[in-house]
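See structure below.
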Amino acid sequence: MSDPRLEVDLAGVKFRNPILTASGCFHYGKEFAPYMDLRRLGGVIVKSLSVKPWPGHPPPRGAETPSGMLNAIGLQNPGVQAFIDRDLPWLVQRKVPVIASIVGHSVEEYIRVADRLRNAPGVVAIEVNISCPNLDDRSLMFSSNPDATGAVIRGVRRVSSQPVFTKLSPDVTDIVEIARAAVRGGSHGLSVMNTALGMAIDTESMRPKLSTFTGGLSGPAIKPIAIRCVYQVSRAFPEIPIIGQGGINSGADVAEFMLAGASAVAVGTANFTEPTTAKRIYDEFVEYLTRKRIKDVSQLKKMLKEG
Amino acid sequence: MSDPRLEVDLAGVKFRNPILTASGCFHYGKEFAPYMDLRRLGGVIVKSLSVKPWPGHPPPRGAETPSGMLNAIGLQNPGVQAFIDRDLPWLVQRKVPVIASIVGHSVEEYIRVADRLRNAPGVVAIEVNISCPNLDDRSLMFSSNPDATGAVIRGVRRVSSQPVFTKLSPDVTDIVEIARAAVRGGSHGLSVMNTALGMAIDTESMRPKLSTFTGGLSGPAIKPIAIRCVYQVSRAFPEIPIIGQGGINSGADVAEFMLAGASAVAVGTANFTEPTTAKRIYDEFVEYLTRKRIKDVSQLKKMLKEG
Amino acid sequence: MSPTKDAAWSGQVEVFAYRRLAEPYHSLTIVAPDICARAAPGQFIAVRTPDDRSLLLRRPFSIHRVDRRPGWAGTVDIVFDIRGRGTEVLARARQHTSLDVLGPLGRPFRFPKEQTNCLLVGGGIGAAPLLFLAEELRGHGHRVDYILGGRTSEHLLRPIEAKRASLTVSFTTDDGSSGTQGVVTDILEERVRATKARVVYTCGPVPMLRAVARECARLKLPCQVAWEEVMACGFGACLVCAVPVRLERGAGNDEGWGWARCCTEGPVFSASRIHWERVEDAPAGVTT
Amino acid sequence: MSPTKDAAWSGQVEVFAYRRLAEPYHSLTIVAPDICARAAPGQFIAVRTPDDRSLLLRRPFSIHRVDRRPGWAGTVDIVFDIRGRGTEVLARARQHTSLDVLGPLGRPFRFPKEQTNCLLVGGGIGAAPLLFLAEELRGHGHRVDYILGGRTSEHLLRPIEAKRASLTVSFTTDDGSSGTQGVVTDILEERVRATKARVVYTCGPVPMLRAVARECARLKLPCQVAWEEVMACGFGACLVCAVPVRLERGAGNDEGWGWARCCTEGPVFSASRIHWERVEDAPAGVTT
Ligand SMILES: Cc1cc2nc3c(=O)[nH]c(=O)nc-3n(C[C@H](O)[C@H](O)[C@H](O)COP(=O)(O)OP(=O)(O)OC[C@H]3O[C@@H](n4cnc5c(N)ncnc54)[C@H](O)[C@@H]3O)c2cc1C
Ligand SMILES: Cc1cc2nc3c(=O)[nH]c(=O)nc-3n(C[C@H](O)[C@H](O)[C@H](O)COP(=O)(O)OP(=O)(O)OC[C@H]3O[C@@H](n4cnc5c(N)ncnc54)[C@H](O)[C@@H]3O)c2cc1C
Ligand SMILES: Cc1cc2nc3c(=O)[nH]c(=O)nc-3n(C[C@H](O)[C@H](O)[C@H](O)COP(=O)(O)O)c2cc1C
Ligand SMILES: Cc1cc2nc3c(=O)[nH]c(=O)nc-3n(C[C@H](O)[C@H](O)[C@H](O)COP(=O)(O)O)c2cc1C
Ligand code: FES
Ligand code: FES
């Protein structure tokens with residue numbers, strides 16, 4: 001059999017393969033370059049970018065949990081301008097397709113980041129990370145409210161030149177409702193899903209393990225939740241491309257997400273264990289497609305036996 | 001040092017220790033009796049009971065996931081009357097305090113089960129499992145809607161003679177809002193939390209691993225989510241006793257839940273690995289209290305260092 | 001008390017031997033005198049995979065054989081093929097590896113009351129419990145004959161042991177690489193006649209069980225099947241292992257059927273008790 | 001290219017020896033010629049705990065010593081105490097156990113440019129990187145003296161090796177069971193004078209580092225600290241290992257401080273670069 005076709009089209013953007021790396025889990029790529037050829041990746045979703053630099057939270061910022069980890073980085077990033085000046089050219093030079101993840105504390109801030117990235121060379125898509133406290137409306141995250149979600153996406157769409165993906169949080173009563181708000185707001189695609197809110201306590205010191213007490217749970221532990229979310233969202237919006245993420249650590253995991261309805265995937269926490277994880281997953285996934293005699297990766301999405 | 005005091009008072013009911021077993025994970029106790037002295041337990045939360053027998057879902061009903069499992073039992077149970085006639089006397093004879101978990105497809109059904117259990121000897125409390133599709137209002141679970149939650153609890157309170165605990169689902173945007181509805185409806189206590197909705201797909205057969213596609217995720221994988229939920233709810237309602245559950249598999253896990261704010265805990269999935277798990281956890285927890293020189297287990301709830 | 005009410009033995013055992021069998025199969029012999037002493041054919045043991053805490057649940061395996069030789073510690077054999085992470089880890093166990101096991105579990109095969117000719121029909125790795133059964137049936141003076149099926153000759157489970165434990169063994173393979181090309185039911189009626197079998201014991205993949213049960217019903221032969229359903233606990237507590245069975249109407253049951261727990265009410269069922277219309281041939285998630 | 005930009009070596013290594021040290025400590029010697037050849041004192045390796053997939057992340061351990069004897073394969077030693085499941089599993093490793101390691105990682109201690117007397121101050125297991133440092137400093141012709149602190153004499157890390165690698169070693173213990181009763185800073189000034197030390201290298205629990213740094217500032221001695229912060233990746237990708245450091249104002253930084261990554265910008269920092277006011281003595285979740 002000839003090699004399986006791996007190219008995927010997400011909202012008009014062609015990726016050489018569907019294996020991306022997740023925001024915040026690949027920084028801006030540099031740290032991985034000594035270990036692997038970044039061109040093996042479909043693309044890199046970079047660490048979320050804000051208008052101004054964000055400092056992030058004090059340590060401890062991480063704690064391992066059974067088959068997972070909690071993090072409380074607090075979206076530390078040098079700001080979108082520093083990224084454009086310093087990190088983006090490096091990625092572009094290496095021919096790595098970049099998906100820019102953006103964050104803000106208000107609709108206004110999201111719009112400003114998206115605006116800066118307008119026509120930025122090499123930025124093929126925008127991922128809007130709405131798992132961020134909404135300072136206009138205290139208490140809530142954008143991701144937990146359909147109106148706030150819609151407002152952010154409409155605003156971003158107004159200024160951005162690239163296709164927009166909205167990254168949904170699992171911590172909602174009805175993820176389809178939020179997906180709908182994003183799609184109605186003009187989101188071209190959806191990233192499903194971000195971390196789940198969790199907490200861990202050290203029973204020896206009797207302190208929370210994270211400085212912020214609660215933080216984002218990631219890793220294989222949450223994969224079943226992510227598969228469920230992808231399935232629900234893809235069945236509600238079959239035409240909308242989905243980037244699946246949450247606990248991916250093998251080629252079979254990639255296949256599982258695509259069977260659930262994802263068009264592409266992003267590898268997150270697994271990158272931390274081994275800088276070459278994404279390459280290993282790519283190889284395993286190609287082996288799977290070959291063994292299953294799947295000629296075109298985009299077929300997988302339609303292969304779930306639901307009968 | 002003298003032995004730590006283990007007795008806890010939950011809404012006026014005294015339990016000899018805070019280690020209970022979770023609904024659906026201990027059946028009605030019989031299967032464990034050959035392996036352990038059931039009087040070592042604080043109490044048994046029995047498999048959820050409905051007015052009439054419920055058949056449950058077709059197989060496959062279970063699938064392992066990283067540090068967790070999915071189940072789709074579908075609340076199979078013989079109905080409350082069969083329980084009262086056959087299983088309850090057996091438990092009472094063995095002096096096991098029984099918390100009766102109840103389910104229904106409508107407020108009416110919940111009330112009818114609670115009514116049957118009114119003054120049932122040995123039933124020291126009612127746990128209302130609201131993670132159940134609401135047939136009066138299609139699409140939704142009771143647990144995902146504050147009004148439906150309030151209505152169920154008010155109805156159950158009207159007829160029941162025992163303290164009522166509402167068992168919350170993590171699959172909501174704001175668990176405190178649902179907790180508030182339960183408390184306002186008259187719930188004496190809260191059980192935090194039920195399983196999280198998940199899904200898994202067998203990539204070889206390309207079929208969902210559960211007959212129902214989605215099912216409940218339990219086990220250590222979800223412990224960080226459960227700790228977070230207990231923490232949020234206990235901070236919002238410091239006077240309301242909480243039964244913590246989700247991934248408990250050691251004495252340290254029990255301590256972690258109590259530090260987060262639980263007054264008691266329930267051991268679920270871990271019972272399946274070893275019929276004597278609850279006893280082991282009890283022993284480990286007593287060892288922990290002794291080592292930490294904690295004289296009264298109810299102190300733990302106030303010992304989290306939040307400074 | 002019935003065996004399901006007894007506590008199964010639970011604890012750490014040592015691996016006495018790991019053996020690689022023909023192509024897809026592996027065998028482990030464990031030193032477990034208590035299990036060995038109480039085990040009956042058709043029962044199973046539930047094994048925790050060592051070291052890896054991401055695997056929560058025990059894996060159930062049929063008791064393939066026991067060795068109760070006098071002066072011998074008492075060993076139990078299981079045979080398996082690699083399905084996923086659990087069996088992959090188990091296939092790395094070697095002499096002295098320590099394993100946590102629970103067993104014997106479940107209800108065994110029922111033996112004929114009087115001297116009878118018994119036909120054992122097994123497919124693939126599903127044939128695992130039949131060797132123990134054959135040895136015990138013969139010990140009780142029954143005549144035993146065997147049909148073993150498999151995809152290829154390599155998938156016939158321990159054909160030489162089967163020969164030793166029975167009077168005749170017939171093979172069927174999908175590709176004809178051993179015995180008759182075809183499936184076990186292609187030769188069942190002929191073997192029943194030739195062996196004068198009056199009872200059939202069978203285990204293997206569901207489509208095979210269904211076909212054997214149907215054939216036995218036609219031939220008016222009693223048939224017992226050993227069922228495999230996904231399990232979580234193995235001792236009756238979780239209700240994961242549901243098998244649809246016919247029930248008397250009444251007593252809250254208007255439909256004439258209900259779920260039995262494979263682990264405690266099975267894994268051995270009378271074929272006539274199974275509610276075949278409700279059995280899926282290739283249940284979601286189970287690849288055989 | 002600076003060492004942090006180089007790829008660390010990554011792969012499976014074999015355990016050459018496991019040793020139980022004095023009471024709470026364990027040591028592992030691994031055969032890792034590539035790491036051995038490139039390692040410098042202060043750097044660390046990141047080890048995956050074998051078998052248990054519920055543990056996702058690597059565990060960082062300071063390089064305690066390397067053996068580059070000619071004709072020898074090249075080994076690396078780590079020493080550790082048991083904190084949780086990961087170190088518990090590692091303490092069960094024995095000769096031939098295979099481990100997945102990544103290293104050397106991080107920036108090493110900087111050496112004095114000219115011949116200088118160096119004082120090494122370590123507390124508890126935190127003293128791990130000092131032995132390698134002592135040996136290399138002496139190899140470069142510097143005088144090395146040691147202060148080792150611990151809760152009890154059993155918590156002094158490898159005192160005999162420390163003695164061999166230095167001119168003098170002084171001990172402090174909380175309970176007075178060895179050396180001076182008290183903490184390392186009780187004797188620091190006296191030891192500086194006695195040894196004519198012009199530079200201090202230190203590692204151990206945060207309160208000790210803080211006290212040593214303060215004392216060095218008072219004595220106007222340059223001081224390098226090896227920092228331990230909870231890590232996820234170990235190679236700069238996750239931003240988990242934040243250490244507060246002083247920064248020049250400007251360039252988007254109006255506050256004069258920021259977070260450095262312990263894994264790539266550390267673990268060795270100049271004590272004067274640490275923003276001590278923002279360092280918590282007993283950070284949540286870290287028990288030392
Ligand atoms: C009563 C009983 C007796 C059994 N006897 C044997 C035996 O003697 N030899 C043998 O090789 N296997 C036997 N099995 C099947 C065996 O339990 C599974 O192969 C094993 O659990 C797979 O574990 P894993 O971690 O390798 O695979 P997993 O990763 O857990 O699963 C891999 C695949 O196996 C399927 N599977 C998981 N559990 C079961 C199960 N309980 N039954 C059937 N399929 C399952 C899964 O759905 C999945 O498709 C028996 C099962 C039962 C219920
Ligand atoms: C650069 C560096 C060098 C280190 N060198 C050594 C060494 O030479 N010897 C040694 O014994 N330990 C060293 N540590 C600490 C070591 O990494 C932890 O002891 C180990 O990760 C604990 O793993 P565990 O699974 O046993 O514990 P876990 O269950 O993961 O945690 C147990 C406790 O250890 C704490 N912990 C976890 N990770 C770290 C960490 N990275 N740093 C500090 N505390 C942590 C946790 O917060 C928790 O309180 C070093 C840490 C760093 C960052
Ligand atoms: C340390 C860490 C940092 C993260 N930072 C971001 C971020 O900046 N923006 C974002 O959208 N998601 C962030 N995430 C979430 C991941 O992109 C991913 O959606 C999530 O971790 C689930 O995938 P995984 O289980 O494969 O890690 C972060 C996750 C981790 C673990
Ligand atoms: C097989 C299984 C059956 C369950 N059945 C019920 C049930 O009938 N009623 C209920 O309220 N919760 C049920 N649960 C949820 C548990 O009671 C518990 O809340 C949940 O599993 C989290 O705890 P754990 O992680 O310790 O299992 C069930 C869980 C499992 C795994
Ligand atoms: S496997 Fe739990 S009841 Fe059968
Ligand atoms: S541990 Fe990941 S950046 Fe330092």
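Quick note on naming: the chains in the structure tokens go A, B, ... in the order shown, residues restart at 1 in each chain, and ligands are numbered from 1 in order of appearance.
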If you count only C-alpha atoms and all ligand atoms, which residues end up within 6 Å of ligand 5, as a CSV table (one decimal) with all heavy atoms, in the first residue's frame?
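Writing the result to pocket.csv gives the following:
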```
chain,number,residue,atom,x,y,z
C,231,MET,N,-15.5,-7.1,32.6
C,231,MET,CA,-15.7,-7.1,34.1
C,231,MET,C,-15.0,-5.9,34.7
C,231,MET,O,-14.0,-5.5,34.2
C,231,MET,CB,-15.3,-8.4,34.7
C,231,MET,CG,-16.0,-9.6,34.3
C,231,MET,SD,-15.5,-11.1,35.1
C,231,MET,CE,-16.7,-12.2,34.5
C,232,ALA,N,-15.5,-5.5,35.9
C,232,ALA,CA,-14.7,-4.6,36.7
C,232,ALA,C,-14.3,-5.2,37.9
C,232,ALA,O,-13.1,-5.3,38.3
C,232,ALA,CB,-15.5,-3.3,36.9
C,233,CYS,N,-15.2,-5.8,38.7
C,233,CYS,CA,-14.8,-6.4,40.0
C,233,CYS,C,-14.6,-7.9,40.0
C,233,CYS,O,-13.7,-8.3,40.7
C,233,CYS,CB,-15.9,-6.0,41.1
C,233,CYS,SG,-17.4,-6.9,40.9
C,234,GLY,N,-15.4,-8.6,39.3
C,234,GLY,CA,-15.3,-10.1,39.3
C,234,GLY,C,-16.0,-10.8,40.5
C,234,GLY,O,-15.9,-12.0,40.5
C,235,PHE,N,-16.6,-10.0,41.4
C,235,PHE,CA,-17.2,-10.7,42.5
C,235,PHE,C,-18.6,-10.2,42.8
C,235,PHE,O,-19.1,-10.3,43.9
C,235,PHE,CB,-16.3,-10.7,43.8
C,235,PHE,CG,-15.8,-9.3,44.2
C,235,PHE,CD1,-16.6,-8.6,45.1
C,235,PHE,CD2,-14.6,-8.8,43.7
C,235,PHE,CE1,-16.2,-7.3,45.5
C,235,PHE,CE2,-14.2,-7.5,44.1
C,235,PHE,CZ,-15.0,-6.8,45.0
C,236,GLY,N,-19.2,-9.6,41.8
C,236,GLY,CA,-20.7,-9.4,41.9
C,236,GLY,C,-21.1,-8.0,42.4
C,236,GLY,O,-22.2,-7.7,42.6
C,237,ALA,N,-20.1,-7.1,42.6
C,237,ALA,CA,-20.4,-5.8,43.2
C,237,ALA,C,-20.7,-4.6,42.2
C,237,ALA,O,-21.4,-3.7,42.6
C,237,ALA,CB,-19.3,-5.4,44.1
C,238,CYS,N,-20.3,-4.7,41.0
C,238,CYS,CA,-20.4,-3.5,40.2
C,238,CYS,C,-21.5,-3.6,39.1
C,238,CYS,O,-21.8,-2.5,38.5
C,238,CYS,CB,-19.0,-3.3,39.5
C,238,CYS,SG,-18.6,-4.5,38.2
C,239,LEU,N,-22.0,-4.7,38.8
C,239,LEU,CA,-23.0,-4.9,37.7
C,239,LEU,C,-22.5,-4.6,36.3
C,239,LEU,O,-23.3,-4.3,35.4
C,239,LEU,CB,-24.3,-4.1,38.0
C,239,LEU,CG,-24.9,-4.3,39.4
C,239,LEU,CD1,-26.2,-3.6,39.5
C,239,LEU,CD2,-25.0,-5.7,39.8
C,240,VAL,N,-21.2,-4.6,36.1
C,240,VAL,CA,-20.6,-4.3,34.8
C,240,VAL,C,-20.9,-5.5,33.8
C,240,VAL,O,-21.2,-5.3,32.7
C,240,VAL,CB,-19.1,-3.9,34.9
C,240,VAL,CG1,-18.4,-4.1,33.5
C,240,VAL,CG2,-18.9,-2.5,35.4
C,241,CYS,N,-20.8,-6.7,34.3
C,241,CYS,CA,-20.7,-7.9,33.5
C,241,CYS,C,-22.0,-8.5,33.1
C,241,CYS,O,-22.3,-9.7,33.3
C,241,CYS,CB,-19.9,-8.9,34.2
C,241,CYS,SG,-20.6,-9.4,35.8
C,261,ARG,N,-25.3,-11.5,36.3
C,261,ARG,CA,-23.9,-11.1,36.4
C,261,ARG,C,-23.0,-12.3,36.0
C,261,ARG,O,-23.0,-13.4,36.6
C,261,ARG,CB,-23.5,-10.8,37.9
C,261,ARG,CG,-24.1,-9.4,38.3
C,261,ARG,CD,-24.0,-9.2,39.8
C,261,ARG,NE,-24.9,-10.1,40.5
C,261,ARG,CZ,-25.1,-10.1,41.8
C,261,ARG,NH1,-24.3,-9.4,42.6
C,261,ARG,NH2,-25.9,-11.0,42.3
C,262,CYS,N,-22.2,-12.0,35.0
C,262,CYS,CA,-21.3,-13.1,34.4
C,262,CYS,C,-20.4,-13.6,35.5
C,262,CYS,O,-20.1,-14.8,35.6
C,262,CYS,CB,-20.5,-12.5,33.3
C,262,CYS,SG,-19.5,-13.7,32.4
C,263,CYS,N,-20.0,-12.7,36.4
C,263,CYS,CA,-18.9,-13.1,37.4
C,263,CYS,C,-19.4,-14.0,38.5
C,263,CYS,O,-18.7,-14.9,39.0
C,263,CYS,CB,-18.2,-11.9,38.0
C,263,CYS,SG,-19.3,-10.8,38.9
```
Inset, instruction - Select the residues contacting ligand 3 at a distance of at most 6 Å, based on only C-alpha atoms and all ligand atoms, then format the selection as a PyMOL selection string. - result: (chain A and resi 22-25+47-48+71+75+129+193-195+218-219+245-248+267-269) or (chain D and resi 238)
Inset, instruction - Would you return as a ChimeraX atom specification the members of range 103-267 of chain B that DSSP assigns to helix (DSSP H, G or I) on this structure's backbone? - result: /B:107-117,135-137,142-144,146-159,175-184,220-236,251-260
Inset, instruction - Can you pull out every residue within 7 Å of Ile153 in chain B, counting only C-alpha atoms, but drop anything in the same chain fewer than 3 positions away, and send it as a PyMOL selection string? - result: chain B and resi 149-150+156-157+182+185-187
Could you give me, as a Markdown table, a per-residue list for chain A showing, wherever an atom lies at most 9 Å from an atom of ligand 2, the closest pair of atoms and their distance in Å to one decimal, using only C-alpha atoms and all ligand atoms and sorting by chain then residue number from low to high?
```
| residue | atom | partner | partner_atom_place_in_ligand_line | distance |
| --- | --- | --- | --- | --- |
| A:Pro60 | CA | ligand 2 | 47 (O) | 8.0 |
| A:Gly62 | CA | ligand 2 | 47 (O) | 8.5 |
| A:Ala63 | CA | ligand 2 | 47 (O) | 6.8 |
| A:Glu64 | CA | ligand 2 | 30 (O) | 6.4 |
| A:Thr65 | CA | ligand 2 | 29 (O) | 8.7 |
| A:Asp202 | CA | ligand 2 | 49 (O) | 6.3 |
| A:Thr203 | CA | ligand 2 | 49 (O) | 8.8 |
| A:Glu204 | CA | ligand 2 | 49 (O) | 7.6 |
| A:Ser205 | CA | ligand 2 | 49 (O) | 7.6 |
| A:Lys209 | CA | ligand 2 | 47 (O) | 6.6 |
```
Inset, instruction - Using only C-alpha atoms and all ligand atoms, pick whichever of B:Thr276, B:Thr166, B:Gln232, B:Ser144 has the shortest atom-to-atom distance to ligand 4. - result: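 Smallest distance to ligand 4 is found for B:Thr166.
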Inset, instruction - Per DSSP on the backbone, filter range 71-226 of chain D down to the residues in strand (DSSP E) and report them as a VMD selection string. - result: chain D and resid 75 to 81 98 to 105 117 to 123 143 to 150 168 to 173 180 to 181 199 to 203 223 to 226
Legend entry - Nearby residues (only C-alpha atoms) at most 6 Å from Gln76 in chain A, same-chain spacing under 6 positions excluded, as a list in words: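 With the cut-off at 6 Å, the set is Trp54, Pro55 and Gly56 of chain A.
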Using the selection just defined, write its residues with all heavy atoms as a short mmCIF file (atom, residue, chain, number, x, y, z; two decimals), in the first residue's frame.
```cif
data_model
loop_
_atom_site.label_atom_id
_atom_site.label_comp_id
_atom_site.auth_asym_id
_atom_site.auth_seq_id
_atom_site.Cartn_x
_atom_site.Cartn_y
_atom_site.Cartn_z
N TRP A 54 2.20 39.04 30.53
CA TRP A 54 1.53 38.59 31.77
C TRP A 54 2.57 37.85 32.61
O TRP A 54 3.29 37.01 32.10
CB TRP A 54 0.36 37.65 31.46
CG TRP A 54 -0.88 38.36 31.00
CD1 TRP A 54 -1.02 39.69 30.71
CD2 TRP A 54 -2.16 37.76 30.75
NE1 TRP A 54 -2.30 39.96 30.31
CE2 TRP A 54 -3.04 38.80 30.33
CE3 TRP A 54 -2.67 36.47 30.86
CZ2 TRP A 54 -4.38 38.57 30.00
CZ3 TRP A 54 -4.00 36.24 30.54
CH2 TRP A 54 -4.85 37.28 30.12
N PRO A 55 2.58 38.15 33.91
CA PRO A 55 3.62 37.53 34.74
C PRO A 55 3.34 36.09 35.11
O PRO A 55 4.26 35.30 35.35
CB PRO A 55 3.61 38.40 36.00
CG PRO A 55 2.22 38.96 36.09
CD PRO A 55 1.74 39.10 34.66
N GLY A 56 2.06 35.72 35.18
CA GLY A 56 1.74 34.37 35.65
C GLY A 56 1.73 34.30 37.16
O GLY A 56 1.88 35.32 37.83
#
```
Inset, instruction - Identify all chain B residues at most 12 Å from chain D by counting only C-alpha atoms; ligands do not count. Present them as a PyMOL selection string. - result: chain B and resi 65-68+220-221+252+304-307
Give me, as a tab-separated table, the closest atom pair and its distance (Å, one decimal) for every residue of chain C within a cut-off of 7 Å of ligand 1, counting only C-alpha atoms and all ligand atoms, rows sorted by chain and rising number.
```
residue	atom	partner	partner_atom_place_in_ligand_line	distance
C:Phe44	CA	ligand 1	1 (C)	5.8
C:Arg59	CA	ligand 1	21 (O)	4.2
C:Pro60	CA	ligand 1	17 (O)	4.2
C:Phe61	CA	ligand 1	5 (N)	3.5
C:Ser62	CA	ligand 1	8 (O)	3.9
C:Ile63	CA	ligand 1	8 (O)	6.6
C:His64	CA	ligand 1	8 (O)	6.7
C:Ile78	CA	ligand 1	8 (O)	5.9
C:Val79	CA	ligand 1	9 (N)	5.2
C:Phe80	CA	ligand 1	11 (O)	3.0
C:Asp81	CA	ligand 1	11 (O)	4.5
C:Ile82	CA	ligand 1	26 (O)	5.6
C:Arg83	CA	ligand 1	26 (O)	4.1
C:Gly84	CA	ligand 1	26 (O)	3.3
C:Arg85	CA	ligand 1	25 (O)	4.5
C:Gly86	CA	ligand 1	25 (O)	3.0
C:Thr87	CA	ligand 1	26 (O)	3.6
C:Glu88	CA	ligand 1	26 (O)	6.0
C:Ile125	CA	ligand 1	9 (N)	5.7
C:Gly126	CA	ligand 1	7 (C)	6.4
C:Ala128	CA	ligand 1	8 (O)	4.9
C:Pro129	CA	ligand 1	8 (O)	6.6
C:Trp227	CA	ligand 1	1 (C)	6.2
C:Glu228	CA	ligand 1	53 (C)	3.9
C:Glu229	CA	ligand 1	53 (C)	4.6
C:Val230	CA	ligand 1	41 (N)	3.5
C:Met231	CA	ligand 1	41 (N)	4.8
C:Cys263	CA	ligand 1	1 (C)	6.6
C:Pro267	CA	ligand 1	1 (C)	5.4
C:Gly285	CA	ligand 1	47 (O)	4.5
C:Val286	CA	ligand 1	47 (O)	3.8
C:Thr287	CA	ligand 1	49 (O)	4.6
```
Inset, instruction - Check every residue of chain C for an atom within 9 Å of chain D, counting only C-alpha atoms, and provide those that qualify as a list in words. - result: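 Going by the stated atoms only, the list reads Pro50, Asp51, Asp52, Arg53, Ser54, Leu55 and Val89 of chain C.
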